[in-house]
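Only one structure is covered here, and it is reproduced in the block below.
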Amino acid sequence: MPKRMNAQKYMESSPVIRKIAAKEETAWINPYLLPFAVTDATCQLVVSDGDIKDAEKRLARFASFIRRCFPETEETQGLIESPLTRIPSMQKKLEETYGCRIPGQLLLKMDSHLAIAGSVKARGGIYEVLKHAEDLALEAGKLRVDEDYAKLAEPEMQAFFGQYTVQVGSTGNLGLSIGIMSAALGFKVKVHMSADAKQWKKDLLRSKGVEVIEYADDYSRAVAEGRKNSDLDPMSYFVDDEKSVNLFLGYAVAAGRLKQQLDEKNIVVDEKHPLIVYIPAGVGGAPGGVAYGLKRIFKDNVHCFFTEPTMCPSVLLGVATQEFECANVHDFGISGKTEADGLACASPSGFVTRIMTNLLSGEFTVSDGKLYDYLRLLYNSEEIQIEPSSCAAFSGPCGLLQYEDSRKYCESHGLDKEKLENAVQIAWATGGRLVPEEIRKVYLETCL
Ligand SMILES: *Cc1c(COP(=O)(O)O)cnc(C)c1O
C-alpha cells in the first residue's frame, strides 16, 4: 500500500482543493504545465516517439489475426479504430441548456463504439495482451515477426497460450477488453472486479469463459488482490493498470490515428487553430496515454483536459498535490462512489500522474446527475448513446468559458476570441457500445 498523505495540509493551503473536497463542480488549472519544448527531452526518456511507433507497428502485425477472430473489424482491416464525428446539434443543445458558450466546432471521438470491447480499453487493454502473447510466442520460437499473425488463431497456438494465465483488476471495461482478447488467443483469464463493476459486465465476461472474482471493496483492492494472486503463479501475467507502460502505449497510438482523421476532414491544427481535448479519467491510463500521444504530435497547439466525477477526482488530486499514487479521495472526505463506474478509482496511477504533470492543462469535475443529463442530450440531439462514465467529457466544453480559472487559462495561453472560434474541441467518448438494450433504457430514464 502507498503511504498515507496529509490531505488537511492541501485543503488549508488551496482554495480549489477545498472546493474539490466539498465535491463542488470545478475547473482546476494545472500549475505544473510547461511549454512542450521544455519537457520534450525528459519525457522521451520515459516514453519516446520510437516506443509509440513500435506499438503502432505491433498492432499492424496483429491486424490479420484480429480480422480473422473478429469479423466486425473487417471494415478497418483488423485495426481497432473509432469514428470522429461532428456533433453540431449537441453543441447547440449544451449551449442552450447550460447557458454556456462553446466556441469553434465540437466533435465526438467515438471510442464508445470501438470494436471488440466497446470502450477506450480496446486500445490499451488489447494492446498489452497482444504484446504479451507476441513476447511468449517469439521467445518459444513459435512465431517470427515477419510471419502472418493470422496463424495465432490456429489450434496449436491456442494450446500453447492455454498454458498461461492473464489476470487483471478492473472496474469493468478493462476486464472486458483483456478478457475478450485473452480468451480469443486461448489464454486462461481471471478478472478481479471491484464492487463498482456493473452486473452486466460480469455476466458478459463469464459468458466468454472468463473467471470473474468479485470483491466487496474498491478498485485499488481488486488490483492489489489480482497482483498478489498472479505473483504466486509463474505462468501468470498481471496487467497492472496502476503502472503499466504497455497499456499507456496502446492508448498513445490513438493520437497518430486521430491526426489522420483530422487530415481527412481537412481540419488543420496549428498556432491559429488550437485543438482542445477532454477525456474522462479513472486511474489515468487511458486519458494519459491518449493525451501524451497528442502532445507529442501537436505540442503546444493541443490543450488536454481530463474530466472526473466530483465523487472521485483522484487523478486531479494526484497531480495537484504531487503526491501521485499516494493521493486517495477518501483522505479528502470524498467517498469515491459514483455512477461513472469506469472512473471509480480512489487512487490514481503513479506513472501517469508523474508523466502528465507538465503536459496536462487541467481538469473539469462533474456531478453524477449531469452525466445522465448529458447522456439524454446526446441521445436526443444526435441519436448517439454512450455510457455515463463517457459523458463526463462534456463537462469540458461546457466549463471552459464558464469558470473563471479556465477563462484565465485561455487568456494566458493566447486562446483569444478569434482563436477559440477557429478551435476544434473534442469530447472523447470512452465507452458505451456493449451496454445491453434494457440498461440503455434505464440510463435514459435516470434522473438524479
Ligand atoms: C476506464 C475508463 C475510462 C478511464 O480510463 P483510466 O485508464 O481508468 O483512466 C474512461 N471511461 C470509460 C468508459 C472507462 O471504462
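Going through the C-alpha cells in order, the chains are called A, B, and so on, while each chain numbers its residues from 1 and the ligands are numbered from 1 in the order shown.
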Sel. of strand (DSSP E or B) residues, segment 110-294 of chain A, as a PyMOL selection string: chain A and resi 110+119+165-170+188-193+211-214+236-239+270+273+275-280
Keeping N, CA, C and O atoms for every residue in the selection just given, could you write it to a file as a compact mmCIF listing (two decimals), in the first residue's frame?
```txt
# COMPACT_ATOMS: atom_id res chain seq x y z
N MET A 110 -15.42 8.71 -31.00
CA MET A 110 -16.35 7.67 -30.55
C MET A 110 -15.67 6.36 -30.16
O MET A 110 -16.02 5.29 -30.65
N SER A 119 -15.12 0.14 -25.72
CA SER A 119 -14.64 1.24 -24.88
C SER A 119 -13.19 1.55 -25.24
O SER A 119 -12.54 0.80 -25.97
N THR A 165 -1.80 -17.92 -17.94
CA THR A 165 -2.94 -17.18 -17.42
C THR A 165 -2.67 -15.68 -17.52
O THR A 165 -1.55 -15.24 -17.30
N VAL A 166 -3.70 -14.92 -17.84
CA VAL A 166 -3.62 -13.46 -17.79
C VAL A 166 -4.60 -12.99 -16.72
O VAL A 166 -5.73 -13.48 -16.65
N GLN A 167 -4.15 -12.08 -15.85
CA GLN A 167 -5.04 -11.58 -14.80
C GLN A 167 -5.05 -10.05 -14.81
O GLN A 167 -4.08 -9.41 -15.21
N VAL A 168 -6.17 -9.50 -14.35
CA VAL A 168 -6.28 -8.04 -14.31
C VAL A 168 -7.30 -7.64 -13.24
O VAL A 168 -8.24 -8.38 -12.97
N GLY A 169 -7.07 -6.46 -12.64
CA GLY A 169 -8.07 -5.87 -11.75
C GLY A 169 -8.85 -4.85 -12.56
O GLY A 169 -8.27 -4.15 -13.38
N SER A 170 -10.17 -4.76 -12.34
CA SER A 170 -10.95 -3.90 -13.23
C SER A 170 -12.23 -3.41 -12.59
O SER A 170 -12.82 -4.09 -11.75
N LYS A 188 -5.89 -18.60 -20.36
CA LYS A 188 -6.83 -18.63 -19.24
C LYS A 188 -6.89 -17.20 -18.70
O LYS A 188 -5.87 -16.51 -18.68
N VAL A 189 -8.06 -16.76 -18.27
CA VAL A 189 -8.19 -15.37 -17.83
C VAL A 189 -8.90 -15.27 -16.49
O VAL A 189 -9.92 -15.92 -16.27
N LYS A 190 -8.34 -14.46 -15.59
CA LYS A 190 -9.02 -14.15 -14.33
C LYS A 190 -9.16 -12.63 -14.24
O LYS A 190 -8.17 -11.91 -14.35
N VAL A 191 -10.38 -12.17 -14.01
CA VAL A 191 -10.61 -10.74 -13.86
C VAL A 191 -11.07 -10.46 -12.43
O VAL A 191 -12.07 -11.03 -11.97
N HIS A 192 -10.32 -9.64 -11.74
CA HIS A 192 -10.65 -9.28 -10.35
C HIS A 192 -11.45 -7.99 -10.38
O HIS A 192 -10.93 -6.94 -10.79
N MET A 193 -12.71 -8.07 -9.95
CA MET A 193 -13.58 -6.91 -10.13
C MET A 193 -13.97 -6.24 -8.84
O MET A 193 -14.31 -6.87 -7.85
N GLU A 211 -12.96 -16.20 -15.87
CA GLU A 211 -13.24 -16.34 -14.44
C GLU A 211 -13.31 -14.95 -13.81
O GLU A 211 -12.34 -14.19 -13.87
N VAL A 212 -14.45 -14.63 -13.23
CA VAL A 212 -14.63 -13.31 -12.62
C VAL A 212 -14.62 -13.46 -11.11
O VAL A 212 -15.40 -14.23 -10.54
N ILE A 213 -13.71 -12.75 -10.44
CA ILE A 213 -13.63 -12.81 -8.99
C ILE A 213 -14.09 -11.46 -8.46
O ILE A 213 -13.58 -10.42 -8.88
N GLU A 214 -15.09 -11.48 -7.57
CA GLU A 214 -15.68 -10.22 -7.12
C GLU A 214 -15.20 -9.82 -5.73
O GLU A 214 -15.02 -10.68 -4.88
N SER A 236 1.56 -16.96 -14.78
CA SER A 236 0.53 -15.92 -14.85
C SER A 236 1.13 -14.55 -15.08
O SER A 236 2.20 -14.22 -14.57
N TYR A 237 0.42 -13.75 -15.86
CA TYR A 237 0.86 -12.39 -16.18
C TYR A 237 -0.20 -11.42 -15.68
O TYR A 237 -1.39 -11.62 -15.93
N PHE A 238 0.22 -10.38 -14.97
CA PHE A 238 -0.73 -9.42 -14.44
C PHE A 238 -0.68 -8.11 -15.22
O PHE A 238 0.38 -7.51 -15.37
N VAL A 239 -1.82 -7.70 -15.74
CA VAL A 239 -1.91 -6.40 -16.41
C VAL A 239 -2.16 -5.35 -15.34
O VAL A 239 -3.23 -5.33 -14.72
N ASP A 270 -2.96 24.13 -35.80
CA ASP A 270 -1.71 24.88 -35.75
C ASP A 270 -1.88 26.02 -34.74
O ASP A 270 -2.85 26.03 -33.98
N HIS A 273 -5.15 27.56 -35.02
CA HIS A 273 -6.30 26.65 -34.92
C HIS A 273 -6.03 25.62 -33.82
O HIS A 273 -5.57 24.51 -34.10
N LEU A 275 -6.36 22.84 -30.82
CA LEU A 275 -7.15 21.63 -30.56
C LEU A 275 -7.32 21.52 -29.05
O LEU A 275 -6.35 21.63 -28.31
N ILE A 276 -8.56 21.35 -28.61
CA ILE A 276 -8.81 21.24 -27.17
C ILE A 276 -9.55 19.92 -26.94
O ILE A 276 -10.57 19.66 -27.58
N VAL A 277 -8.97 19.09 -26.07
CA VAL A 277 -9.48 17.73 -25.91
C VAL A 277 -9.87 17.47 -24.46
O VAL A 277 -9.15 17.90 -23.54
N TYR A 278 -10.99 16.79 -24.27
CA TYR A 278 -11.49 16.49 -22.92
C TYR A 278 -11.69 14.99 -22.80
O TYR A 278 -12.46 14.40 -23.57
N ILE A 279 -11.00 14.36 -21.86
CA ILE A 279 -11.06 12.90 -21.75
C ILE A 279 -11.36 12.48 -20.31
O ILE A 279 -10.67 12.90 -19.38
N PRO A 280 -12.39 11.63 -20.12
CA PRO A 280 -12.70 11.15 -18.77
C PRO A 280 -11.56 10.30 -18.20
O PRO A 280 -10.96 9.50 -18.91
```
Give the residues close to ligand 1, within 6 Å, counting only C-alpha atoms and all ligand atoms; write them as a ChimeraX atom specification. /A:119,173,280-287,342-343,389-390,430-431
Residues from last step as file, N, CA, C and O atoms, as a tab-separated table (two decimals), in the first residue's frame:
```
chain	number	residue	atom	x	y	z
A	119	SER	N	-15.12	0.14	-25.72
A	119	SER	CA	-14.64	1.24	-24.88
A	119	SER	C	-13.19	1.55	-25.24
A	119	SER	O	-12.54	0.80	-25.97
A	173	ASN	N	-14.65	-2.26	-17.68
A	173	ASN	CA	-14.29	-2.21	-19.10
A	173	ASN	C	-12.89	-2.76	-19.40
A	173	ASN	O	-12.69	-3.37	-20.44
A	280	PRO	N	-12.39	11.63	-20.12
A	280	PRO	CA	-12.70	11.15	-18.77
A	280	PRO	C	-11.56	10.30	-18.20
A	280	PRO	O	-10.96	9.50	-18.91
A	281	ALA	N	-11.28	10.50	-16.91
A	281	ALA	CA	-10.17	9.78	-16.28
A	281	ALA	C	-10.65	8.92	-15.12
A	281	ALA	O	-11.47	9.35	-14.31
A	282	GLY	N	-10.11	7.70	-15.04
A	282	GLY	CA	-10.33	6.83	-13.90
A	282	GLY	C	-9.03	6.79	-13.13
A	282	GLY	O	-8.74	7.65	-12.31
A	283	VAL	N	-8.20	5.79	-13.46
A	283	VAL	CA	-6.89	5.69	-12.83
A	283	VAL	C	-5.89	6.59	-13.59
A	283	VAL	O	-4.82	6.92	-13.09
A	284	GLY	N	-6.26	6.97	-14.80
A	284	GLY	CA	-5.46	7.92	-15.58
A	284	GLY	C	-4.79	7.33	-16.83
A	284	GLY	O	-4.32	8.07	-17.68
A	285	GLY	N	-4.75	6.02	-16.93
A	285	GLY	CA	-4.02	5.38	-18.03
A	285	GLY	C	-4.53	5.74	-19.41
A	285	GLY	O	-3.76	6.16	-20.28
A	286	ALA	N	-5.83	5.58	-19.61
A	286	ALA	CA	-6.38	5.83	-20.94
A	286	ALA	C	-6.26	7.31	-21.33
A	286	ALA	O	-5.67	7.64	-22.37
A	287	PRO	N	-6.77	8.23	-20.50
A	287	PRO	CA	-6.65	9.63	-20.89
A	287	PRO	C	-5.19	10.06	-20.94
A	287	PRO	O	-4.80	10.86	-21.79
A	342	GLY	N	-16.69	3.41	-14.64
A	342	GLY	CA	-15.37	3.33	-15.29
A	342	GLY	C	-14.37	4.32	-14.71
A	342	GLY	O	-13.18	4.24	-14.99
A	343	LEU	N	-14.85	5.26	-13.91
A	343	LEU	CA	-13.97	6.30	-13.38
A	343	LEU	C	-13.78	6.16	-11.87
A	343	LEU	O	-13.19	7.03	-11.23
A	389	SER	N	-20.04	7.06	-17.68
A	389	SER	CA	-18.64	7.46	-17.49
A	389	SER	C	-18.17	8.35	-18.64
A	389	SER	O	-17.50	9.36	-18.45
A	390	SER	N	-18.51	7.95	-19.84
A	390	SER	CA	-18.14	8.67	-21.06
A	390	SER	C	-18.63	10.10	-21.06
A	390	SER	O	-18.01	10.99	-21.62
A	430	THR	N	-15.69	7.55	-24.12
A	430	THR	CA	-14.81	6.43	-23.79
A	430	THR	C	-15.48	5.06	-23.69
A	430	THR	O	-14.79	4.06	-23.59
A	431	GLY	N	-16.81	5.02	-23.71
A	431	GLY	CA	-17.43	3.69	-23.62
A	431	GLY	C	-18.92	3.73	-23.90
A	431	GLY	O	-19.55	4.78	-23.81
```
Distance query Gln425 of chain A at most 10 Å, only C-alpha atoms, self and fewer than 3 positions along chain excluded, as a PyMOL selection string: chain A and resi 86+102-108+274-278+302-303+396-397+420+422+428
Within 9 Å of Lys201 of chain A, counting only C-alpha atoms, which residues show up once you throw out same-chain ones fewer than 3 positions away? Write them as a count of residues only, please. 11
Distance of atom CA of Cys345 of chain A from atom CA of Cys447 of chain A, expressed in Å to one decimal place: 23.4 Å
Backbone DSSP call of alpha helix (DSSP H) for segment 316-383 of chain A, listed as a list in words: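 Answer for segment 316-383 of chain A, restricted to alpha helix (DSSP H): Leu316, Leu317, Gly318, Val319, Ala320, Thr321, Gly350, Phe351, Val352, Thr353, Arg354, Ile355, Asp368, Gly369, Lys370, Leu371, Tyr372, Asp373, Tyr374, Leu375, Arg376, Leu377, Leu378, Tyr379, Asn380, Ser381 and Glu382 of chain A.
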Å distance separating atom CA of Glu72 of chain A from atom CA of Lys208 of chain A, one decimal place: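 These two atoms are separated by 16.9 Å.
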Give me the residues near Asn30 of chain A as a list in words, where near means some atom within 10 Å (using only C-alpha atoms) and where sequence neighbours in that chain fewer than 2 positions away do not count. Ala27, Trp28, Tyr32, Leu33, Leu34, Phe305, Leu316, Val319, Ala320, Thr357, Asn358, Leu359, Leu360, Ser361, Gly362, Glu363 and Tyr409 of chain A
Selected residues written out with N, CA, C and O atoms, as a PDB file, in the first residue's frame:
```pdb
ATOM      1  N   ALA A  27     -13.377  23.824 -12.168  1.00  0.00           N
ATOM      2  CA  ALA A  27     -12.272  23.738 -13.127  1.00  0.00           C
ATOM      3  C   ALA A  27     -10.995  23.840 -12.319  1.00  0.00           C
ATOM      4  O   ALA A  27     -10.873  24.713 -11.458  1.00  0.00           O
ATOM      5  N   TRP A  28     -10.081  22.943 -12.563  1.00  0.00           N
ATOM      6  CA  TRP A  28      -8.768  23.018 -11.922  1.00  0.00           C
ATOM      7  C   TRP A  28      -7.728  23.180 -13.027  1.00  0.00           C
ATOM      8  O   TRP A  28      -7.696  22.404 -13.979  1.00  0.00           O
ATOM      9  N   TYR A  32       1.511  23.104 -12.981  1.00  0.00           N
ATOM     10  CA  TYR A  32       2.784  22.479 -13.373  1.00  0.00           C
ATOM     11  C   TYR A  32       2.949  22.347 -14.888  1.00  0.00           C
ATOM     12  O   TYR A  32       3.961  21.836 -15.362  1.00  0.00           O
ATOM     13  N   LEU A  33       1.927  22.780 -15.635  1.00  0.00           N
ATOM     14  CA  LEU A  33       2.028  22.698 -17.102  1.00  0.00           C
ATOM     15  C   LEU A  33       3.217  23.526 -17.586  1.00  0.00           C
ATOM     16  O   LEU A  33       3.416  24.659 -17.142  1.00  0.00           O
ATOM     17  N   LEU A  34       4.016  22.946 -18.506  1.00  0.00           N
ATOM     18  CA  LEU A  34       5.171  23.662 -19.067  1.00  0.00           C
ATOM     19  C   LEU A  34       5.063  23.676 -20.595  1.00  0.00           C
ATOM     20  O   LEU A  34       4.385  22.822 -21.173  1.00  0.00           O
ATOM     21  N   PHE A 305      -7.396  18.357 -21.383  1.00  0.00           N
ATOM     22  CA  PHE A 305      -8.059  18.394 -20.080  1.00  0.00           C
ATOM     23  C   PHE A 305      -8.636  17.017 -19.774  1.00  0.00           C
ATOM     24  O   PHE A 305      -9.184  16.364 -20.654  1.00  0.00           O
ATOM     25  N   LEU A 316      -6.857  14.219 -10.544  1.00  0.00           N
ATOM     26  CA  LEU A 316      -6.705  15.638 -10.205  1.00  0.00           C
ATOM     27  C   LEU A 316      -5.920  15.790  -8.905  1.00  0.00           C
ATOM     28  O   LEU A 316      -4.932  16.532  -8.839  1.00  0.00           O
ATOM     29  N   VAL A 319      -2.149  14.831  -9.170  1.00  0.00           N
ATOM     30  CA  VAL A 319      -1.282  15.826  -9.825  1.00  0.00           C
ATOM     31  C   VAL A 319      -1.231  17.104  -8.994  1.00  0.00           C
ATOM     32  O   VAL A 319      -0.155  17.665  -8.746  1.00  0.00           O
ATOM     33  N   ALA A 320      -2.386  17.566  -8.530  1.00  0.00           N
ATOM     34  CA  ALA A 320      -2.448  18.850  -7.819  1.00  0.00           C
ATOM     35  C   ALA A 320      -1.587  18.827  -6.551  1.00  0.00           C
ATOM     36  O   ALA A 320      -0.959  19.818  -6.208  1.00  0.00           O
ATOM     37  N   THR A 357       2.350  15.374 -15.440  1.00  0.00           N
ATOM     38  CA  THR A 357       2.437  16.561 -14.588  1.00  0.00           C
ATOM     39  C   THR A 357       2.724  17.841 -15.374  1.00  0.00           C
ATOM     40  O   THR A 357       2.090  18.864 -15.145  1.00  0.00           O
ATOM     41  N   ASN A 358       3.639  17.801 -16.329  1.00  0.00           N
ATOM     42  CA  ASN A 358       3.986  19.019 -17.073  1.00  0.00           C
ATOM     43  C   ASN A 358       3.268  19.144 -18.419  1.00  0.00           C
ATOM     44  O   ASN A 358       3.578  20.021 -19.214  1.00  0.00           O
ATOM     45  N   LEU A 359       2.329  18.221 -18.689  1.00  0.00           N
ATOM     46  CA  LEU A 359       1.655  18.207 -20.002  1.00  0.00           C
ATOM     47  C   LEU A 359       0.159  18.472 -19.919  1.00  0.00           C
ATOM     48  O   LEU A 359      -0.469  18.880 -20.898  1.00  0.00           O
ATOM     49  N   LEU A 360      -0.418  18.200 -18.756  1.00  0.00           N
ATOM     50  CA  LEU A 360      -1.876  18.316 -18.594  1.00  0.00           C
ATOM     51  C   LEU A 360      -2.264  19.783 -18.392  1.00  0.00           C
ATOM     52  O   LEU A 360      -1.648  20.492 -17.594  1.00  0.00           O
ATOM     53  N   SER A 361      -3.290  20.231 -19.122  1.00  0.00           N
ATOM     54  CA  SER A 361      -3.740  21.623 -18.968  1.00  0.00           C
ATOM     55  C   SER A 361      -4.563  21.802 -17.699  1.00  0.00           C
ATOM     56  O   SER A 361      -4.464  22.820 -17.028  1.00  0.00           O
ATOM     57  N   GLY A 362      -5.394  20.823 -17.405  1.00  0.00           N
ATOM     58  CA  GLY A 362      -6.216  20.929 -16.209  1.00  0.00           C
ATOM     59  C   GLY A 362      -7.310  19.887 -16.213  1.00  0.00           C
ATOM     60  O   GLY A 362      -7.240  18.899 -16.956  1.00  0.00           O
ATOM     61  N   GLU A 363      -8.304  20.117 -15.359  1.00  0.00           N
ATOM     62  CA  GLU A 363      -9.401  19.156 -15.244  1.00  0.00           C
ATOM     63  C   GLU A 363     -10.711  19.877 -15.014  1.00  0.00           C
ATOM     64  O   GLU A 363     -10.739  20.988 -14.478  1.00  0.00           O
ATOM     65  N   TYR A 409      -7.038  30.597 -17.992  1.00  0.00           N
ATOM     66  CA  TYR A 409      -6.136  29.700 -18.731  1.00  0.00           C
ATOM     67  C   TYR A 409      -6.123  30.094 -20.207  1.00  0.00           C
ATOM     68  O   TYR A 409      -5.059  30.201 -20.828  1.00  0.00           O
TER      69      TYR A 409
END
```
Which of A:Val245, A:Ala7, A:Ile80, A:Ala41 sits closest to Arg296 of chain A [using only C-alpha atoms]: A:Ala41
Proximity to Lys131 of chain A - best of A:Leu59, A:Ile439, A:Leu258, A:Ala183, only C-alpha atoms: A:Leu59
Please report the interatomic distance between atom CA of Leu400 of chain A and atom CA of Cys100 of chain A in Å with one decimal.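 So the two atoms, atom CA of Leu400 of chain A and atom CA of Cys100 of chain A, lie 8.8 Å apart.
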Would you mind listing what lies within 9 Å of Asp373 of chain A as a compact mmCIF listing (two decimals) with N, CA and C atoms, in the first residue's frame, with only C-alpha atoms counted and same-chain residues fewer than 5 positions away left out?
```
# COMPACT_ATOMS: atom_id res chain seq x y z
N LEU A 378 -27.30 14.00 -25.60
CA LEU A 378 -26.59 13.45 -26.76
C LEU A 378 -27.50 12.53 -27.55
N CYS A 391 -19.82 10.28 -20.49
CA CYS A 391 -20.49 11.58 -20.57
C CYS A 391 -19.76 12.66 -19.80
N LEU A 444 -31.48 6.16 -19.90
CA LEU A 444 -32.19 7.31 -20.48
C LEU A 444 -33.23 7.86 -19.54
N THR A 446 -32.89 7.73 -16.12
CA THR A 446 -32.34 8.03 -14.80
C THR A 446 -32.14 9.54 -14.61
N CYS A 447 -32.79 10.08 -13.58
CA CYS A 447 -32.59 11.50 -13.22
C CYS A 447 -32.14 11.52 -11.76
N LEU A 448 -31.01 12.15 -11.49
CA LEU A 448 -30.54 12.21 -10.10
C LEU A 448 -30.74 13.61 -9.53
```
For Ala327 of chain A, the nearest of the candidates A:Gly124, A:Ala195, A:Thr353, A:Ala184, counting only C-alpha atoms: A:Thr353
Which residue out of A:Pro35, A:Gly141, A:Pro71, A:Gly78 has the minimum interatomic distance to Lys299 of chain A when only C-alpha atoms are used?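 Nearest candidate to Lys299 of chain A out of A:Pro35, A:Gly141, A:Pro71, A:Gly78: A:Pro35.
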Which residues come within 12 Å of Gln158 of chain A, counting only C-alpha atoms, excluding same-chain residues fewer than 6 positions away, as a PyMOL selection string? chain A and resi 133+137+142+150-152+164+182-188
With distances taken over only C-alpha atoms, which residue among A:Lys265, A:Ala115, A:Asp203, A:Gly99 lies nearest Gln77 of chain A? A:Ala115
Pull the closest atom pair for each residue of segment 40-92 of chain A that gets at most 12 Å from segment 379-382 of chain A, along with the distance in Å to one decimal, counting only C-alpha atoms, ordering rows by chain and then ascending residue number, as a tab-separated table.
```
residue	atom	partner	partner_atom	distance
A:Thr85	CA	A:Glu382	CA	10.2
A:Arg86	CA	A:Glu382	CA	9.7
A:Ile87	CA	A:Glu382	CA	6.8
A:Pro88	CA	A:Glu382	CA	8.5
A:Ser89	CA	A:Ser381	CA	5.5
A:Met90	CA	A:Ser381	CA	5.4
A:Gln91	CA	A:Ser381	CA	9.0
A:Lys92	CA	A:Ser381	CA	9.0
```
